[in-house]
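So the structure is just underneath, and the comments pick up after that.
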Amino acid sequence: MQNEITTNDDLLDDRGRLKERGFSKKPLLNYNPEKIAVYPFKTLNRLRLKEWDYYGITTSDFFFSATVSNLGYAGMVFIYYVDFHDQTCVERSIITPWGKDCILPHSSESGNIEFKGEGVRVSFLRRSDHREIMVAWKDFYQGSEITADLTVYQPDRIESIVMSTPIGRKRFYYNQKINCMPTEGTIRLGKRVYTLDRKSALTTLDWGRGVWEYSSYWNWASASGFLRDGRSVGLNLGTGFGDLSHATENCFFINGKMTKLDRVEFLYDSSNYMRQWFFPSNDGKLNLTFTPFLERVARSNLLVIRSEVHQMFGRYDGYVVTDAKEKIAVKGLVGWAEEHHARW
């Protein structure tokens with residue numbers, strides 16, 4: 001059932017439907033939203049389009065995230081910082097009507113994002129072998145400013161999971177997730193200065209473009225860290241949206257090399273997200289237990305746009321088995337698992 005896309009083509013045909021369905025390790029399909037044909041009027045199609053670039057930087061001490069999104073009805077820019085030791089999460093967001101100033105490129109491999117608002121500047125710049133993240137948010141926490149100046153390296157050897165997923169007959173989700181990109185730079189929050197280096201900080205990119213159902217739901221689990229032997233290990237699991245009969249986004253990465261998985265169950269208690277989560281795969285290549293230590297709850301209510309996410313930060317333990325039959329123990333891998341409901 002895991003259909004791998006191996007050739008270059010346009011994403012959508014002249015009827016606005018996906019030309020290919022499945023996964024790839026690099027973005028081979030050309031995102032062409034001008035072909036969207038959910039409605040007969042182009043303006044309505046644009047309002048239903050959801051686009052975002054989400055960056056998450058993981059260290060052993062904290063998590064930092066920056067996102068620029070255009071949800072059709074509105075643009076949304078948000079930053080959050082999670083301190084693992086203090087067990088605190090600080091988050092700020094800014095909304096613009098009709099996606100104003102939130103212009104996102106059609107490719108994850110080229111193009112820049114530069115947002116400027118009142119007291120807020122966020123830039124995502126794509127270079128030949130790296131990405132640059134720059135943030136300046138004046139009144140972020142208790143009157144203090146947060147700034148970030150980060151270089152995120154993306155060597156050619158790093159594979160990713162790219163999904164071309166149908167949602168009904170004319171809707172779709174085109175997504176790339178890249179784990180374990182080595183990161184260096186500085187983050188300043190008030191008087192505190194955090195220095196990041198490539199041996200301890202790794203970035204995940206969630207690049208998403210698509211037309212979703214108004215009422216949507218999904219689970220996502222992710223991690224980027226290091227094994228005890230120094231190799232990087234990345235995890236990406238997901239379910240709950242679209243037609244996954246052509247492929248799932250389930251996979252893991254060892255030193256940038258992907259092992260594709262089939263089905264992975266998300267077993268957790270939605271009445272108490274702090275209880276352990278369990279992730280068994282039907283192909284025997286992954287069996288993990290996730291123990292949360294912090295819950296981030298983010299809710300938004302903008303009339304036509306509503307969302308609620310429970311993003312749990314914790315540690316993964318268990319094992320994975322590569323395509324080369326190497327069984328690798330996973331111990332204390334810091335990452336997250338989430339449940340997300342959206343009406344958008």
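Here, A, B, ... name the chains of the structure tokens in the order displayed, residue numbers run from 1 inside each chain, and ligands are numbered from 1 in the same displayed order.
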
Open item on the list: Excluding Asn70 (chain A) and its own-chain neighbours fewer than 6 positions away, which residues fall within 7 Å of it when counting only C-alpha atoms? Please give them as a list in words.
Closed with: Lys50, Glu51, Trp52, Met76, Gly99 and Cys102 of chain A

Atoms to include: N, CA and C atoms. Write the selected residues as a PDB file, in the first residue's frame.
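Saved as part.pdb:
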```pdb
ATOM      1  N   LYS A  50      -4.956  26.174   2.676  1.00  0.00           N
ATOM      2  CA  LYS A  50      -4.212  26.268   3.934  1.00  0.00           C
ATOM      3  C   LYS A  50      -2.730  26.044   3.634  1.00  0.00           C
ATOM      4  N   GLU A  51      -1.902  26.987   4.056  1.00  0.00           N
ATOM      5  CA  GLU A  51      -0.461  26.915   3.802  1.00  0.00           C
ATOM      6  C   GLU A  51       0.297  27.294   5.074  1.00  0.00           C
ATOM      7  N   TRP A  52       1.384  26.564   5.348  1.00  0.00           N
ATOM      8  CA  TRP A  52       2.197  26.930   6.508  1.00  0.00           C
ATOM      9  C   TRP A  52       3.621  26.412   6.369  1.00  0.00           C
ATOM     10  N   MET A  76      -1.695  33.797  10.082  1.00  0.00           N
ATOM     11  CA  MET A  76      -1.378  33.577  11.492  1.00  0.00           C
ATOM     12  C   MET A  76       0.119  33.332  11.635  1.00  0.00           C
ATOM     13  N   GLY A  99      -5.107  36.786   5.287  1.00  0.00           N
ATOM     14  CA  GLY A  99      -3.745  36.357   5.015  1.00  0.00           C
ATOM     15  C   GLY A  99      -2.788  37.473   4.684  1.00  0.00           C
ATOM     16  N   CYS A 102       1.233  37.476   4.820  1.00  0.00           N
ATOM     17  CA  CYS A 102       1.674  36.086   4.998  1.00  0.00           C
ATOM     18  C   CYS A 102       1.724  35.415   3.624  1.00  0.00           C
TER      19      CYS A 102
END
```

Open item on the list: Excluding Asp129 (chain A) and its own-chain neighbours fewer than 2 positions away, which residues fall within 7 Å of it when counting only C-alpha atoms? Please give them as number ranges by chain.
Closed with: A: 127, 153-155

Task: All residues 10 Å or closer to region 37-48 of chain A, only C-alpha atoms, same chain fewer than 2 positions away omitted, as a PyMOL selection string - done: chain A and resi 12-17+33-35+50-51+70-74+98-99+169-171+210-214+344

Saved selection, atoms kept: N, CA and C atoms, as a compact mmCIF listing (two decimals), in the first residue's frame:
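Result went into result.txt, see below:
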```
# COMPACT_ATOMS: atom_id res chain seq x y z
N LEU A 12 -1.27 18.94 -9.36
CA LEU A 12 -2.68 18.89 -9.73
C LEU A 12 -2.85 18.87 -11.24
N ASP A 13 -3.85 18.14 -11.71
CA ASP A 13 -4.15 18.14 -13.13
C ASP A 13 -5.13 19.28 -13.44
N ASP A 14 -5.60 19.36 -14.68
CA ASP A 14 -6.46 20.47 -15.10
C ASP A 14 -7.83 20.44 -14.42
N ARG A 15 -8.22 19.33 -13.83
CA ARG A 15 -9.47 19.25 -13.08
C ARG A 15 -9.28 19.51 -11.59
N GLY A 16 -8.06 19.84 -11.20
CA GLY A 16 -7.77 20.14 -9.81
C GLY A 16 -7.59 18.92 -8.93
N ARG A 17 -7.31 17.78 -9.55
CA ARG A 17 -7.13 16.55 -8.77
C ARG A 17 -5.67 16.14 -8.77
N PRO A 33 -1.17 25.62 -7.13
CA PRO A 33 -2.49 25.89 -6.55
C PRO A 33 -3.45 26.60 -7.50
N GLU A 34 -2.94 27.18 -8.58
CA GLU A 34 -3.84 27.82 -9.54
C GLU A 34 -4.79 26.82 -10.21
N LYS A 35 -4.50 25.53 -10.08
CA LYS A 35 -5.35 24.49 -10.67
C LYS A 35 -6.44 23.99 -9.72
N LYS A 50 -4.96 26.17 2.68
CA LYS A 50 -4.21 26.27 3.93
C LYS A 50 -2.73 26.04 3.63
N GLU A 51 -1.90 26.99 4.06
CA GLU A 51 -0.46 26.91 3.80
C GLU A 51 0.30 27.29 5.07
N ASN A 70 -0.85 30.86 6.23
CA ASN A 70 -1.94 31.57 5.56
C ASN A 70 -3.10 30.59 5.46
N LEU A 71 -4.18 30.89 6.20
CA LEU A 71 -5.32 29.99 6.29
C LEU A 71 -6.48 30.44 5.41
N GLY A 72 -6.20 31.29 4.44
CA GLY A 72 -7.24 31.76 3.53
C GLY A 72 -8.00 32.92 4.12
N TYR A 73 -8.77 32.67 5.19
CA TYR A 73 -9.51 33.73 5.85
C TYR A 73 -8.58 34.67 6.62
N ALA A 74 -7.44 34.14 7.04
CA ALA A 74 -6.56 34.90 7.92
C ALA A 74 -5.13 34.40 7.80
N TRP A 98 -7.46 38.04 6.04
CA TRP A 98 -7.34 37.54 4.66
C TRP A 98 -5.91 37.16 4.30
N GLY A 99 -5.11 36.79 5.29
CA GLY A 99 -3.74 36.36 5.02
C GLY A 99 -2.79 37.47 4.68
N ARG A 169 -12.70 14.03 -3.15
CA ARG A 169 -12.47 13.99 -4.60
C ARG A 169 -11.57 15.14 -5.07
N LYS A 170 -11.72 16.33 -4.49
CA LYS A 170 -11.02 17.49 -5.02
C LYS A 170 -10.13 18.19 -4.01
N ARG A 171 -10.13 17.72 -2.78
CA ARG A 171 -9.25 18.33 -1.79
C ARG A 171 -7.99 17.48 -1.63
N GLY A 210 -2.39 22.80 1.16
CA GLY A 210 -3.51 21.95 0.81
C GLY A 210 -4.86 22.59 1.00
N VAL A 211 -5.89 21.87 0.58
CA VAL A 211 -7.28 22.24 0.76
C VAL A 211 -7.93 21.15 1.60
N TRP A 212 -8.33 21.49 2.81
CA TRP A 212 -8.85 20.52 3.76
C TRP A 212 -10.37 20.63 3.87
N GLU A 213 -10.97 19.61 4.48
CA GLU A 213 -12.36 19.72 4.90
C GLU A 213 -12.46 20.79 5.99
N TYR A 214 -13.64 21.42 6.10
CA TYR A 214 -13.79 22.47 7.09
C TYR A 214 -13.54 21.94 8.50
N TRP A 344 -11.80 25.01 10.09
CA TRP A 344 -11.12 26.10 9.36
C TRP A 344 -11.46 26.09 7.89
```

Open item on the list: When you count only C-alpha atoms, which of these residues is closest to Ser144 (chain A): A:His341, A:Arg296, A:Lys100, A:Arg188?
Closed with: A:Arg188

TODO: Enumerate as number ranges by chain all residues of region 144-224 of chain A assigned to strand (DSSP E) by DSSP on the backbone, naming them with the chain letters and numbers the document uses.
DONE: A: 144-153, 161-167, 171-189, 192-196, 202-211, 215-224

Could you please take those selected residues and save C-alpha atoms as a PDB file, in the first residue's frame?
```
ATOM      1  CA  SER A 144      10.763  41.127  27.417  1.00  0.00           C
ATOM      2  CA  GLU A 145      11.722  40.682  23.787  1.00  0.00           C
ATOM      3  CA  ILE A 146      12.607  37.375  22.196  1.00  0.00           C
ATOM      4  CA  THR A 147      15.025  37.225  19.288  1.00  0.00           C
ATOM      5  CA  ALA A 148      16.410  34.318  17.312  1.00  0.00           C
ATOM      6  CA  ASP A 149      19.151  34.157  14.715  1.00  0.00           C
ATOM      7  CA  LEU A 150      19.539  30.551  13.627  1.00  0.00           C
ATOM      8  CA  THR A 151      21.221  28.678  10.798  1.00  0.00           C
ATOM      9  CA  VAL A 152      19.574  25.355   9.955  1.00  0.00           C
ATOM     10  CA  TYR A 153      21.746  23.046   7.842  1.00  0.00           C
ATOM     11  CA  ILE A 161       8.905  12.306   4.025  1.00  0.00           C
ATOM     12  CA  VAL A 162       6.794  14.011   1.346  1.00  0.00           C
ATOM     13  CA  MET A 163       3.097  13.171   1.146  1.00  0.00           C
ATOM     14  CA  SER A 164       0.589  13.671  -1.661  1.00  0.00           C
ATOM     15  CA  THR A 165      -2.675  12.780   0.076  1.00  0.00           C
ATOM     16  CA  PRO A 166      -6.200  13.057  -1.365  1.00  0.00           C
ATOM     17  CA  ILE A 167      -8.952  14.426   0.864  1.00  0.00           C
ATOM     18  CA  ARG A 171      -9.252  18.328  -1.786  1.00  0.00           C
ATOM     19  CA  PHE A 172      -5.690  17.377  -0.949  1.00  0.00           C
ATOM     20  CA  TYR A 173      -2.735  17.733   1.406  1.00  0.00           C
ATOM     21  CA  TYR A 174       0.781  18.195   0.042  1.00  0.00           C
ATOM     22  CA  ASN A 175       3.312  18.068   2.842  1.00  0.00           C
ATOM     23  CA  GLN A 176       7.017  17.675   3.512  1.00  0.00           C
ATOM     24  CA  LYS A 177       8.484  16.945   6.919  1.00  0.00           C
ATOM     25  CA  ILE A 178      12.256  17.137   7.413  1.00  0.00           C
ATOM     26  CA  ASN A 179      13.770  15.897  10.688  1.00  0.00           C
ATOM     27  CA  CYS A 180      17.188  16.232  12.289  1.00  0.00           C
ATOM     28  CA  MET A 181      18.572  19.333  10.565  1.00  0.00           C
ATOM     29  CA  PRO A 182      21.662  20.451  12.561  1.00  0.00           C
ATOM     30  CA  THR A 183      21.214  23.973  13.920  1.00  0.00           C
ATOM     31  CA  GLU A 184      23.421  26.693  15.351  1.00  0.00           C
ATOM     32  CA  GLY A 185      22.916  30.285  16.467  1.00  0.00           C
ATOM     33  CA  THR A 186      21.443  32.182  19.398  1.00  0.00           C
ATOM     34  CA  ILE A 187      18.061  32.716  21.030  1.00  0.00           C
ATOM     35  CA  ARG A 188      17.638  35.612  23.459  1.00  0.00           C
ATOM     36  CA  LEU A 189      14.694  35.883  25.827  1.00  0.00           C
ATOM     37  CA  ARG A 192      18.775  34.989  29.005  1.00  0.00           C
ATOM     38  CA  VAL A 193      20.924  33.969  26.049  1.00  0.00           C
ATOM     39  CA  TYR A 194      20.899  30.445  24.625  1.00  0.00           C
ATOM     40  CA  THR A 195      23.686  29.343  22.310  1.00  0.00           C
ATOM     41  CA  LEU A 196      22.855  26.462  19.983  1.00  0.00           C
ATOM     42  CA  LEU A 202      18.153  19.785  15.685  1.00  0.00           C
ATOM     43  CA  THR A 203      15.350  21.354  13.669  1.00  0.00           C
ATOM     44  CA  THR A 204      12.200  19.842  12.189  1.00  0.00           C
ATOM     45  CA  LEU A 205      10.375  21.530   9.308  1.00  0.00           C
ATOM     46  CA  ASP A 206       6.683  20.892   8.653  1.00  0.00           C
ATOM     47  CA  TRP A 207       5.920  22.389   5.219  1.00  0.00           C
ATOM     48  CA  GLY A 208       2.226  22.078   4.411  1.00  0.00           C
ATOM     49  CA  ARG A 209       0.013  23.136   1.502  1.00  0.00           C
ATOM     50  CA  GLY A 210      -3.508  21.953   0.807  1.00  0.00           C
ATOM     51  CA  VAL A 211      -7.284  22.244   0.765  1.00  0.00           C
ATOM     52  CA  SER A 215     -13.843  20.136  10.109  1.00  0.00           C
ATOM     53  CA  SER A 216     -10.523  18.280  10.414  1.00  0.00           C
ATOM     54  CA  TYR A 217      -8.664  16.112  12.893  1.00  0.00           C
ATOM     55  CA  TRP A 218      -5.193  14.611  13.040  1.00  0.00           C
ATOM     56  CA  ASN A 219      -2.515  13.087  15.242  1.00  0.00           C
ATOM     57  CA  TRP A 220       1.156  13.858  14.782  1.00  0.00           C
ATOM     58  CA  ALA A 221       4.190  12.471  16.592  1.00  0.00           C
ATOM     59  CA  SER A 222       7.728  13.670  15.950  1.00  0.00           C
ATOM     60  CA  ALA A 223      11.215  13.690  17.429  1.00  0.00           C
ATOM     61  CA  SER A 224      14.721  14.712  16.415  1.00  0.00           C
TER      62      SER A 224
END
```
